[in-house]
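Note: the block below is my_file.txt and it holds compact mmCIF, N, CA, C and O atoms.
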# COMPACT_ATOMS: atom_id res chain seq x y z
N MET A 1 -106.19 -159.92 220.95
CA MET A 1 -105.02 -159.15 220.68
C MET A 1 -104.07 -159.29 221.86
O MET A 1 -104.47 -159.30 223.00
N ARG A 2 -102.80 -159.34 221.53
CA ARG A 2 -101.77 -159.45 222.56
C ARG A 2 -100.80 -158.29 222.38
O ARG A 2 -100.34 -158.00 221.27
N VAL A 3 -100.50 -157.63 223.47
CA VAL A 3 -99.59 -156.50 223.45
C VAL A 3 -98.38 -156.84 224.32
O VAL A 3 -98.54 -157.30 225.44
N THR A 4 -97.21 -156.62 223.78
CA THR A 4 -95.99 -156.83 224.54
C THR A 4 -95.36 -155.47 224.82
O THR A 4 -95.09 -154.71 223.89
N TRP A 5 -95.17 -155.18 226.08
CA TRP A 5 -94.61 -153.90 226.49
C TRP A 5 -93.11 -154.07 226.73
O TRP A 5 -92.69 -154.87 227.55
N ASN A 6 -92.33 -153.36 225.99
CA ASN A 6 -90.87 -153.41 226.11
C ASN A 6 -90.31 -152.10 226.63
O ASN A 6 -89.20 -151.71 226.29
N GLY A 7 -91.09 -151.45 227.47
CA GLY A 7 -90.70 -150.13 227.96
C GLY A 7 -89.37 -150.10 228.66
O GLY A 7 -88.56 -149.19 228.44
N ASP A 8 -89.10 -151.09 229.48
CA ASP A 8 -87.82 -151.11 230.20
C ASP A 8 -86.64 -151.29 229.25
O ASP A 8 -85.60 -150.64 229.40
N ARG A 9 -86.80 -152.15 228.25
CA ARG A 9 -85.74 -152.35 227.26
C ARG A 9 -85.51 -151.09 226.43
O ARG A 9 -84.38 -150.71 226.14
N VAL A 10 -86.61 -150.45 226.05
CA VAL A 10 -86.51 -149.22 225.26
C VAL A 10 -85.84 -148.13 226.09
O VAL A 10 -84.95 -147.43 225.60
N ALA A 11 -86.25 -147.98 227.34
CA ALA A 11 -85.66 -146.96 228.21
C ALA A 11 -84.16 -147.20 228.39
O ALA A 11 -83.36 -146.26 228.34
N ALA A 12 -83.77 -148.46 228.59
CA ALA A 12 -82.35 -148.78 228.74
C ALA A 12 -81.58 -148.49 227.46
O ALA A 12 -80.46 -147.97 227.50
N SER A 13 -82.18 -148.80 226.33
CA SER A 13 -81.54 -148.55 225.04
C SER A 13 -81.36 -147.05 224.80
O SER A 13 -80.30 -146.60 224.34
N VAL A 14 -82.39 -146.28 225.12
CA VAL A 14 -82.32 -144.82 224.94
C VAL A 14 -81.28 -144.22 225.89
O VAL A 14 -80.50 -143.35 225.49
N ARG A 15 -81.24 -144.71 227.11
CA ARG A 15 -80.26 -144.20 228.07
C ARG A 15 -78.84 -144.50 227.59
O ARG A 15 -77.95 -143.65 227.64
N SER A 16 -78.62 -145.71 227.12
CA SER A 16 -77.31 -146.10 226.61
C SER A 16 -76.92 -145.23 225.41
O SER A 16 -75.77 -144.79 225.29
N ALA A 17 -77.88 -145.00 224.54
CA ALA A 17 -77.63 -144.13 223.38
C ALA A 17 -77.34 -142.70 223.83
O ALA A 17 -76.50 -142.01 223.24
N GLY A 18 -78.01 -142.27 224.87
CA GLY A 18 -77.76 -140.93 225.41
C GLY A 18 -76.34 -140.78 225.93
O GLY A 18 -75.68 -139.77 225.70
N VAL A 19 -75.86 -141.81 226.63
CA VAL A 19 -74.49 -141.79 227.13
C VAL A 19 -73.50 -141.73 225.96
O VAL A 19 -72.56 -140.94 225.96
N ALA A 20 -73.74 -142.56 224.94
CA ALA A 20 -72.87 -142.55 223.76
C ALA A 20 -72.94 -141.20 223.05
O ALA A 20 -71.93 -140.68 222.57
N GLY A 21 -74.14 -140.63 222.97
CA GLY A 21 -74.31 -139.33 222.35
C GLY A 21 -73.61 -138.23 223.11
O GLY A 21 -73.01 -137.33 222.50
N LEU A 22 -73.66 -138.29 224.43
CA LEU A 22 -72.95 -137.31 225.25
C LEU A 22 -71.45 -137.39 225.01
O LEU A 22 -70.77 -136.37 224.88
N ARG A 23 -70.92 -138.61 224.94
CA ARG A 23 -69.49 -138.77 224.69
C ARG A 23 -69.13 -138.20 223.31
O ARG A 23 -68.15 -137.47 223.17
N ALA A 24 -69.91 -138.53 222.30
CA ALA A 24 -69.64 -138.03 220.94
C ALA A 24 -69.74 -136.51 220.90
O ALA A 24 -68.92 -135.84 220.26
N ALA A 25 -70.74 -135.94 221.57
CA ALA A 25 -70.89 -134.48 221.60
C ALA A 25 -69.72 -133.84 222.33
O ALA A 25 -69.19 -132.81 221.89
N GLY A 26 -69.30 -134.44 223.44
CA GLY A 26 -68.14 -133.92 224.18
C GLY A 26 -66.87 -133.98 223.34
O GLY A 26 -66.07 -133.05 223.35
N GLU A 27 -66.69 -135.07 222.62
CA GLU A 27 -65.52 -135.20 221.74
C GLU A 27 -65.54 -134.14 220.64
O GLU A 27 -64.50 -133.61 220.25
N HIS A 28 -66.74 -133.83 220.15
CA HIS A 28 -66.86 -132.78 219.13
C HIS A 28 -66.42 -131.44 219.70
O HIS A 28 -65.65 -130.71 219.07
N VAL A 29 -66.90 -131.10 220.89
CA VAL A 29 -66.52 -129.83 221.53
C VAL A 29 -65.01 -129.80 221.78
O VAL A 29 -64.35 -128.80 221.54
N LEU A 30 -64.46 -130.92 222.27
CA LEU A 30 -63.02 -130.98 222.51
C LEU A 30 -62.23 -130.76 221.22
O LEU A 30 -61.26 -130.00 221.19
N THR A 31 -62.66 -131.38 220.15
CA THR A 31 -61.99 -131.21 218.85
C THR A 31 -62.00 -129.75 218.41
O THR A 31 -60.99 -129.21 217.97
N GLU A 32 -63.17 -129.12 218.55
CA GLU A 32 -63.28 -127.71 218.16
C GLU A 32 -62.45 -126.82 219.08
O GLU A 32 -61.84 -125.85 218.62
N SER A 33 -62.41 -127.11 220.36
CA SER A 33 -61.66 -126.27 221.28
C SER A 33 -60.16 -126.41 221.07
O SER A 33 -59.41 -125.47 221.28
N ARG A 34 -59.74 -127.57 220.64
CA ARG A 34 -58.30 -127.77 220.37
C ARG A 34 -57.82 -126.89 219.22
O ARG A 34 -56.62 -126.64 219.10
N LYS A 35 -58.71 -126.42 218.40
CA LYS A 35 -58.35 -125.51 217.32
C LYS A 35 -58.03 -124.11 217.84
O LYS A 35 -57.39 -123.31 217.17
N LEU A 36 -58.49 -123.80 219.06
CA LEU A 36 -58.31 -122.47 219.64
C LEU A 36 -57.35 -122.45 220.83
O LEU A 36 -56.86 -121.38 221.20
N VAL A 37 -57.13 -123.59 221.45
CA VAL A 37 -56.35 -123.63 222.69
C VAL A 37 -54.95 -123.06 222.45
O VAL A 37 -54.33 -123.34 221.43
N PRO A 38 -54.47 -122.21 223.36
CA PRO A 38 -53.13 -121.65 223.20
C PRO A 38 -52.08 -122.76 223.13
O PRO A 38 -52.17 -123.75 223.84
N ILE A 39 -51.11 -122.56 222.26
CA ILE A 39 -50.07 -123.58 222.07
C ILE A 39 -48.71 -122.94 222.27
O ILE A 39 -48.39 -121.94 221.65
N GLU A 40 -47.97 -123.52 223.16
CA GLU A 40 -46.57 -123.15 223.33
C GLU A 40 -45.77 -124.42 223.08
O GLU A 40 -45.00 -124.51 222.15
N GLU A 41 -46.03 -125.41 223.92
CA GLU A 41 -45.37 -126.71 223.77
C GLU A 41 -46.38 -127.82 223.48
O GLU A 41 -46.00 -128.95 223.24
N GLY A 42 -47.68 -127.50 223.55
CA GLY A 42 -48.71 -128.50 223.29
C GLY A 42 -49.21 -129.22 224.53
O GLY A 42 -50.10 -130.06 224.43
N THR A 43 -48.66 -128.90 225.69
CA THR A 43 -49.06 -129.58 226.93
C THR A 43 -50.51 -129.32 227.26
O THR A 43 -51.25 -130.25 227.60
N LEU A 44 -50.94 -128.08 227.15
CA LEU A 44 -52.34 -127.73 227.45
C LEU A 44 -53.28 -128.47 226.50
O LEU A 44 -54.26 -129.09 226.94
N GLU A 45 -52.96 -128.46 225.23
CA GLU A 45 -53.81 -129.13 224.24
C GLU A 45 -53.91 -130.63 224.53
O GLU A 45 -54.99 -131.21 224.48
N ARG A 46 -52.80 -131.26 224.85
CA ARG A 46 -52.80 -132.70 225.13
C ARG A 46 -53.55 -133.05 226.41
O ARG A 46 -53.99 -134.19 226.58
N SER A 47 -53.73 -132.09 227.30
CA SER A 47 -54.40 -132.37 228.57
C SER A 47 -55.92 -132.39 228.43
O SER A 47 -56.63 -132.74 229.38
N GLY A 48 -56.45 -132.05 227.28
CA GLY A 48 -57.89 -132.04 227.06
C GLY A 48 -58.49 -133.43 227.19
O GLY A 48 -57.89 -134.41 226.74
N ALA A 49 -59.66 -133.50 227.83
CA ALA A 49 -60.30 -134.80 228.03
C ALA A 49 -61.81 -134.64 228.09
O ALA A 49 -62.33 -133.56 228.38
N VAL A 50 -62.50 -135.75 227.80
CA VAL A 50 -63.96 -135.81 227.89
C VAL A 50 -64.30 -136.89 228.90
O VAL A 50 -63.74 -137.98 228.87
N GLY A 51 -65.22 -136.55 229.80
CA GLY A 51 -65.70 -137.52 230.77
C GLY A 51 -67.22 -137.55 230.74
O GLY A 51 -67.85 -136.51 230.56
N VAL A 52 -67.79 -138.73 230.88
CA VAL A 52 -69.24 -138.87 230.90
C VAL A 52 -69.64 -139.57 232.19
O VAL A 52 -69.10 -140.63 232.52
N ASP A 53 -70.58 -138.97 232.91
CA ASP A 53 -71.15 -139.60 234.10
C ASP A 53 -72.48 -140.20 233.67
O ASP A 53 -73.47 -139.49 233.47
N SER A 54 -72.50 -141.51 233.52
CA SER A 54 -73.71 -142.17 233.02
C SER A 54 -74.84 -142.16 234.04
O SER A 54 -76.01 -142.26 233.66
N ALA A 55 -74.53 -142.02 235.32
CA ALA A 55 -75.58 -141.98 236.34
C ALA A 55 -76.40 -140.70 236.24
O ALA A 55 -77.62 -140.72 236.34
N SER A 56 -75.71 -139.58 236.03
CA SER A 56 -76.42 -138.29 235.97
C SER A 56 -76.61 -137.80 234.54
O SER A 56 -77.16 -136.71 234.34
N LEU A 57 -76.13 -138.56 233.56
CA LEU A 57 -76.18 -138.16 232.15
C LEU A 57 -75.58 -136.77 231.96
O LEU A 57 -76.21 -135.85 231.44
N ALA A 58 -74.33 -136.65 232.39
CA ALA A 58 -73.61 -135.38 232.27
C ALA A 58 -72.28 -135.63 231.56
O ALA A 58 -71.65 -136.68 231.75
N VAL A 59 -71.88 -134.67 230.76
CA VAL A 59 -70.60 -134.76 230.07
C VAL A 59 -69.73 -133.59 230.52
O VAL A 59 -70.22 -132.49 230.77
N THR A 60 -68.43 -133.86 230.64
CA THR A 60 -67.47 -132.84 231.03
C THR A 60 -66.36 -132.79 230.00
O THR A 60 -65.81 -133.83 229.63
N VAL A 61 -66.06 -131.60 229.54
CA VAL A 61 -64.90 -131.38 228.67
C VAL A 61 -63.97 -130.49 229.46
O VAL A 61 -64.38 -129.43 229.95
N SER A 62 -62.73 -130.92 229.63
CA SER A 62 -61.83 -130.16 230.49
C SER A 62 -60.40 -130.21 229.99
O SER A 62 -60.03 -131.06 229.17
N TYR A 63 -59.62 -129.28 230.50
CA TYR A 63 -58.18 -129.25 230.28
C TYR A 63 -57.55 -129.27 231.66
O TYR A 63 -58.01 -128.58 232.57
N ASP A 64 -56.49 -130.06 231.82
CA ASP A 64 -55.95 -130.31 233.15
C ASP A 64 -54.47 -129.95 233.24
O ASP A 64 -53.60 -130.82 233.19
N THR A 65 -54.20 -128.67 233.32
CA THR A 65 -52.85 -128.19 233.62
C THR A 65 -53.01 -127.12 234.70
O THR A 65 -54.10 -126.55 234.85
N PRO A 66 -51.95 -126.83 235.43
CA PRO A 66 -52.06 -125.80 236.48
C PRO A 66 -52.45 -124.43 235.95
O PRO A 66 -53.00 -123.61 236.67
N TYR A 67 -52.19 -124.17 234.68
CA TYR A 67 -52.45 -122.85 234.11
C TYR A 67 -53.65 -122.82 233.16
O TYR A 67 -53.92 -121.80 232.53
N ALA A 68 -54.38 -123.89 233.04
CA ALA A 68 -55.51 -123.96 232.10
C ALA A 68 -56.54 -122.87 232.36
O ALA A 68 -57.02 -122.22 231.42
N ILE A 69 -56.91 -122.67 233.61
CA ILE A 69 -57.94 -121.66 233.92
C ILE A 69 -57.43 -120.26 233.60
O ILE A 69 -58.16 -119.46 233.00
N LYS A 70 -56.19 -119.96 233.98
CA LYS A 70 -55.64 -118.62 233.68
C LYS A 70 -55.61 -118.37 232.18
O LYS A 70 -55.98 -117.30 231.72
N GLN A 71 -55.17 -119.35 231.41
CA GLN A 71 -55.14 -119.20 229.97
C GLN A 71 -56.54 -119.01 229.39
O GLN A 71 -56.73 -118.26 228.45
N HIS A 72 -57.50 -119.69 229.98
CA HIS A 72 -58.88 -119.61 229.48
C HIS A 72 -59.51 -118.26 229.80
O HIS A 72 -60.23 -117.69 228.98
N GLU A 73 -59.25 -117.75 230.98
CA GLU A 73 -59.95 -116.55 231.46
C GLU A 73 -59.26 -115.23 231.15
O GLU A 73 -59.94 -114.21 231.04
N ASN A 74 -57.95 -115.21 231.04
CA ASN A 74 -57.26 -113.93 230.86
C ASN A 74 -57.29 -113.49 229.40
O ASN A 74 -56.60 -114.03 228.55
N MET A 75 -58.08 -112.47 229.15
CA MET A 75 -58.26 -111.96 227.80
C MET A 75 -57.09 -111.07 227.35
O MET A 75 -57.05 -110.62 226.21
N HIS A 76 -56.14 -110.81 228.25
CA HIS A 76 -55.02 -109.92 227.91
C HIS A 76 -53.76 -110.68 227.50
O HIS A 76 -52.81 -110.06 227.03
N TYR A 77 -53.75 -111.98 227.66
CA TYR A 77 -52.59 -112.76 227.21
C TYR A 77 -52.52 -112.72 225.68
O TYR A 77 -53.53 -112.70 225.01
N ARG A 78 -51.31 -112.72 225.17
CA ARG A 78 -51.11 -112.78 223.73
C ARG A 78 -50.95 -114.25 223.32
O ARG A 78 -50.25 -115.00 223.97
N HIS A 79 -51.60 -114.58 222.23
CA HIS A 79 -51.54 -115.96 221.74
C HIS A 79 -51.15 -115.96 220.27
O HIS A 79 -51.30 -114.96 219.57
N ASP A 80 -50.69 -117.12 219.82
CA ASP A 80 -50.39 -117.27 218.40
C ASP A 80 -51.66 -117.03 217.59
O ASP A 80 -52.78 -117.18 218.09
N ARG A 81 -51.48 -116.71 216.33
CA ARG A 81 -52.62 -116.45 215.43
C ARG A 81 -53.59 -117.63 215.43
O ARG A 81 -53.19 -118.78 215.30
N GLY A 82 -54.86 -117.32 215.59
CA GLY A 82 -55.90 -118.33 215.60
C GLY A 82 -56.14 -118.97 216.96
O GLY A 82 -57.07 -119.75 217.13
N ARG A 83 -55.30 -118.67 217.93
CA ARG A 83 -55.42 -119.22 219.28
C ARG A 83 -55.91 -118.12 220.21
O ARG A 83 -55.64 -116.94 219.98
N SER A 84 -56.65 -118.49 221.27
CA SER A 84 -57.23 -117.44 222.09
C SER A 84 -57.63 -117.94 223.47
O SER A 84 -57.70 -119.14 223.72
N ALA A 85 -57.91 -116.97 224.32
CA ALA A 85 -58.57 -117.26 225.59
C ALA A 85 -59.99 -117.72 225.26
O ALA A 85 -60.42 -117.64 224.11
N LYS A 86 -60.70 -118.22 226.24
CA LYS A 86 -62.07 -118.72 226.04
C LYS A 86 -62.10 -119.85 225.02
O LYS A 86 -63.07 -120.02 224.30
N TYR A 87 -61.02 -120.60 224.98
CA TYR A 87 -60.87 -121.68 224.00
C TYR A 87 -61.85 -122.82 224.22
O TYR A 87 -62.07 -123.62 223.32
N LEU A 88 -62.45 -122.90 225.36
CA LEU A 88 -63.47 -123.93 225.60
C LEU A 88 -64.88 -123.33 225.58
O LEU A 88 -65.80 -123.89 225.01
N GLU A 89 -65.01 -122.17 226.16
CA GLU A 89 -66.32 -121.51 226.22
C GLU A 89 -66.87 -121.19 224.82
O GLU A 89 -68.05 -121.39 224.54
N ARG A 90 -66.02 -120.71 223.96
CA ARG A 90 -66.48 -120.34 222.60
C ARG A 90 -67.02 -121.55 221.84
O ARG A 90 -68.12 -121.47 221.28
N PRO A 91 -66.30 -122.65 221.76
CA PRO A 91 -66.86 -123.80 221.04
C PRO A 91 -68.15 -124.34 221.68
O PRO A 91 -69.05 -124.77 220.95
N VAL A 92 -68.24 -124.30 222.99
CA VAL A 92 -69.48 -124.76 223.64
C VAL A 92 -70.65 -123.92 223.14
O VAL A 92 -71.70 -124.46 222.78
N ASN A 93 -70.47 -122.63 223.10
CA ASN A 93 -71.55 -121.74 222.66
C ASN A 93 -71.78 -121.83 221.14
O ASN A 93 -72.92 -121.88 220.69
N GLN A 94 -70.71 -121.85 220.38
CA GLN A 94 -70.85 -121.84 218.92
C GLN A 94 -71.34 -123.17 218.36
O GLN A 94 -71.98 -123.21 217.31
N GLU A 95 -71.06 -124.25 219.03
CA GLU A 95 -71.40 -125.58 218.53
C GLU A 95 -72.66 -126.15 219.18
O GLU A 95 -72.95 -127.34 219.06
N ARG A 96 -73.42 -125.32 219.85
CA ARG A 96 -74.62 -125.76 220.57
C ARG A 96 -75.58 -126.56 219.69
O ARG A 96 -76.04 -127.63 220.07
N GLU A 97 -75.86 -126.05 218.52
CA GLU A 97 -76.80 -126.75 217.62
C GLU A 97 -76.22 -128.08 217.14
O GLU A 97 -76.93 -129.08 217.07
N ARG A 98 -74.94 -128.09 216.81
CA ARG A 98 -74.30 -129.34 216.36
C ARG A 98 -74.27 -130.37 217.49
O ARG A 98 -74.50 -131.56 217.25
N VAL A 99 -73.99 -129.93 218.70
CA VAL A 99 -73.99 -130.83 219.87
C VAL A 99 -75.38 -131.45 220.05
O VAL A 99 -75.51 -132.66 220.26
N ALA A 100 -76.41 -130.64 219.96
CA ALA A 100 -77.79 -131.14 220.09
C ALA A 100 -78.09 -132.15 218.99
O ALA A 100 -78.73 -133.19 219.24
N ALA A 101 -77.63 -131.88 217.77
CA ALA A 101 -77.87 -132.79 216.66
C ALA A 101 -77.15 -134.12 216.85
O ALA A 101 -77.69 -135.18 216.53
N ILE A 102 -75.94 -134.08 217.36
CA ILE A 102 -75.18 -135.31 217.63
C ILE A 102 -75.91 -136.16 218.65
O ILE A 102 -76.10 -137.36 218.47
N LEU A 103 -76.32 -135.53 219.73
CA LEU A 103 -77.04 -136.25 220.78
C LEU A 103 -78.36 -136.80 220.27
O LEU A 103 -78.70 -137.97 220.49
N ALA A 104 -79.11 -136.00 219.53
CA ALA A 104 -80.40 -136.43 218.99
C ALA A 104 -80.23 -137.60 218.03
O ALA A 104 -81.04 -138.55 218.04
N ALA A 105 -79.20 -137.58 217.22
CA ALA A 105 -78.97 -138.66 216.26
C ALA A 105 -78.72 -139.98 216.98
O ALA A 105 -79.24 -141.03 216.57
N HIS A 106 -77.97 -139.95 218.06
CA HIS A 106 -77.72 -141.18 218.82
C HIS A 106 -79.01 -141.73 219.42
O HIS A 106 -79.26 -142.93 219.34
N VAL A 107 -79.80 -140.86 220.01
CA VAL A 107 -81.06 -141.30 220.63
C VAL A 107 -82.03 -141.78 219.56
O VAL A 107 -82.68 -142.81 219.74
N ARG A 108 -82.09 -141.06 218.46
CA ARG A 108 -83.01 -141.45 217.37
C ARG A 108 -82.68 -142.85 216.86
O ARG A 108 -83.57 -143.65 216.61
N ARG A 109 -81.40 -143.17 216.71
CA ARG A 109 -81.01 -144.49 216.25
C ARG A 109 -81.43 -145.58 217.23
O ARG A 109 -81.69 -146.72 216.83
N ALA A 110 -81.49 -145.25 218.51
CA ALA A 110 -81.89 -146.24 219.52
C ALA A 110 -83.39 -146.52 219.46
O ALA A 110 -83.84 -147.57 219.91
N LEU A 111 -84.12 -145.58 218.93
CA LEU A 111 -85.58 -145.76 218.85
C LEU A 111 -85.94 -146.47 217.57
O LEU A 111 -86.88 -147.09 217.37
As C-alpha cells:
Amino acid sequence: MRVTWNGDRVAASVRSAGVAGLRAAGEHVLTESRKLVPIEEGTLERSGAVGVDSASLAVTVSYDTPYAIKQHENMHYRHDRGRSAKYLERPVNQERERVAAILAAHVRRAL
C-alpha cells in the first residue's frame, strides 16, 4: 500500500479559502451595515471598506470619515427613518450566524 500525504497542500488550500471566506463575510457585514448607516450626503456610507489580513486571518469592516465614530456611538443623534447609531455593531451581532455560515461554506468547498 502506498499513501500520499498532501497535508501541506490541503492546509494551504484551507487557509486560502479562509481568507476568501473572511472577505465574503466582511462584505456581507458591510452590506448590512450600509442599510443602517446615517445618510446626509452619502459620504459616510461610501467610506465603508473591508480589509483582510491574511497573515493573522483577521477581517476588518470600517468607515473612514472624521465623524464616523461619533455617528456610531452617539445614541442621541437624530437620523432618517431606518438609519441609526450602532450601524456597524448591530449587523455584526445580528449577522453572526450568517457570517459563520459564509466562512464555513468557503472552507468546506476547499476540503
A:Ile39 environment, 12 Å, only C-alpha atoms, sequence neighbours closer than 2 positions dropped, as JSON, numbers by chain: {"A": [33, 34, 35, 36, 37, 41, 42, 43, 44, 45, 46, 47, 68, 71, 78, 79, 80, 81, 82, 83, 84, 85, 87]}
Once DSSP has gone over the backbone, tell me which residues of stretch 7-98 of chain A are in strand (DSSP E or B), as a VMD selection string. chain A and resid 49 to 53 58 to 62
7 Å contact set for stretch 22-27 of chain A, all atoms listed in the file, chain neighbours under 3 positions out, as a list in words: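 Within the cut-off, the hits are Ser16, Ala17, Gly18, Val19, Leu30, Thr31, Glu32, Ser33, Ala49, Val50, Gly51, Val52, Ala58, Val59, Thr60, Val61, Arg98, Val99, Ala100, Ile102 and Leu103 of chain A.
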DSSP on the backbone, alpha helix (DSSP H) only: what residues of chain A does that give? Format it as a PyMOL selection string. chain A and resi 7-34+43-46+68-73+89-94+96-110
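Between atom CA of A:His72 and atom CA of A:Leu88 the separation is 7.4 Å.
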Quick one, how far is atom CA of A:Leu111 from atom CA of A:Asn93?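 Atom-to-atom, atom CA of A:Leu111 to atom CA of A:Asn93, that is 28.1 Å.
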For a test of reading the model, state the distance in Å between atom N of A:His76 and atom N of A:Ser62, rounded to one decimal.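 Here the two named atoms are 21.2 Å from each other.
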Quick one: of A:Met1, A:Leu57, A:Val29, A:Arg96, who's nearest to A:Arg15, counting only N, CA, C and O atoms? A:Leu57
Within 9 Å of (-84.4, -146.7, 219.0) (file coordinates; only C-alpha atoms), which protein or nucleic acid residues are there? I'd like them as a PyMOL selection string. chain A and resi 10+13-14+17+106-111
Using only N, CA, C and O atoms, which of the listed residues (A:Pro38, A:Gly48, A:Pro91, A:Gly21) sits closest to A:Ala104? A:Gly21
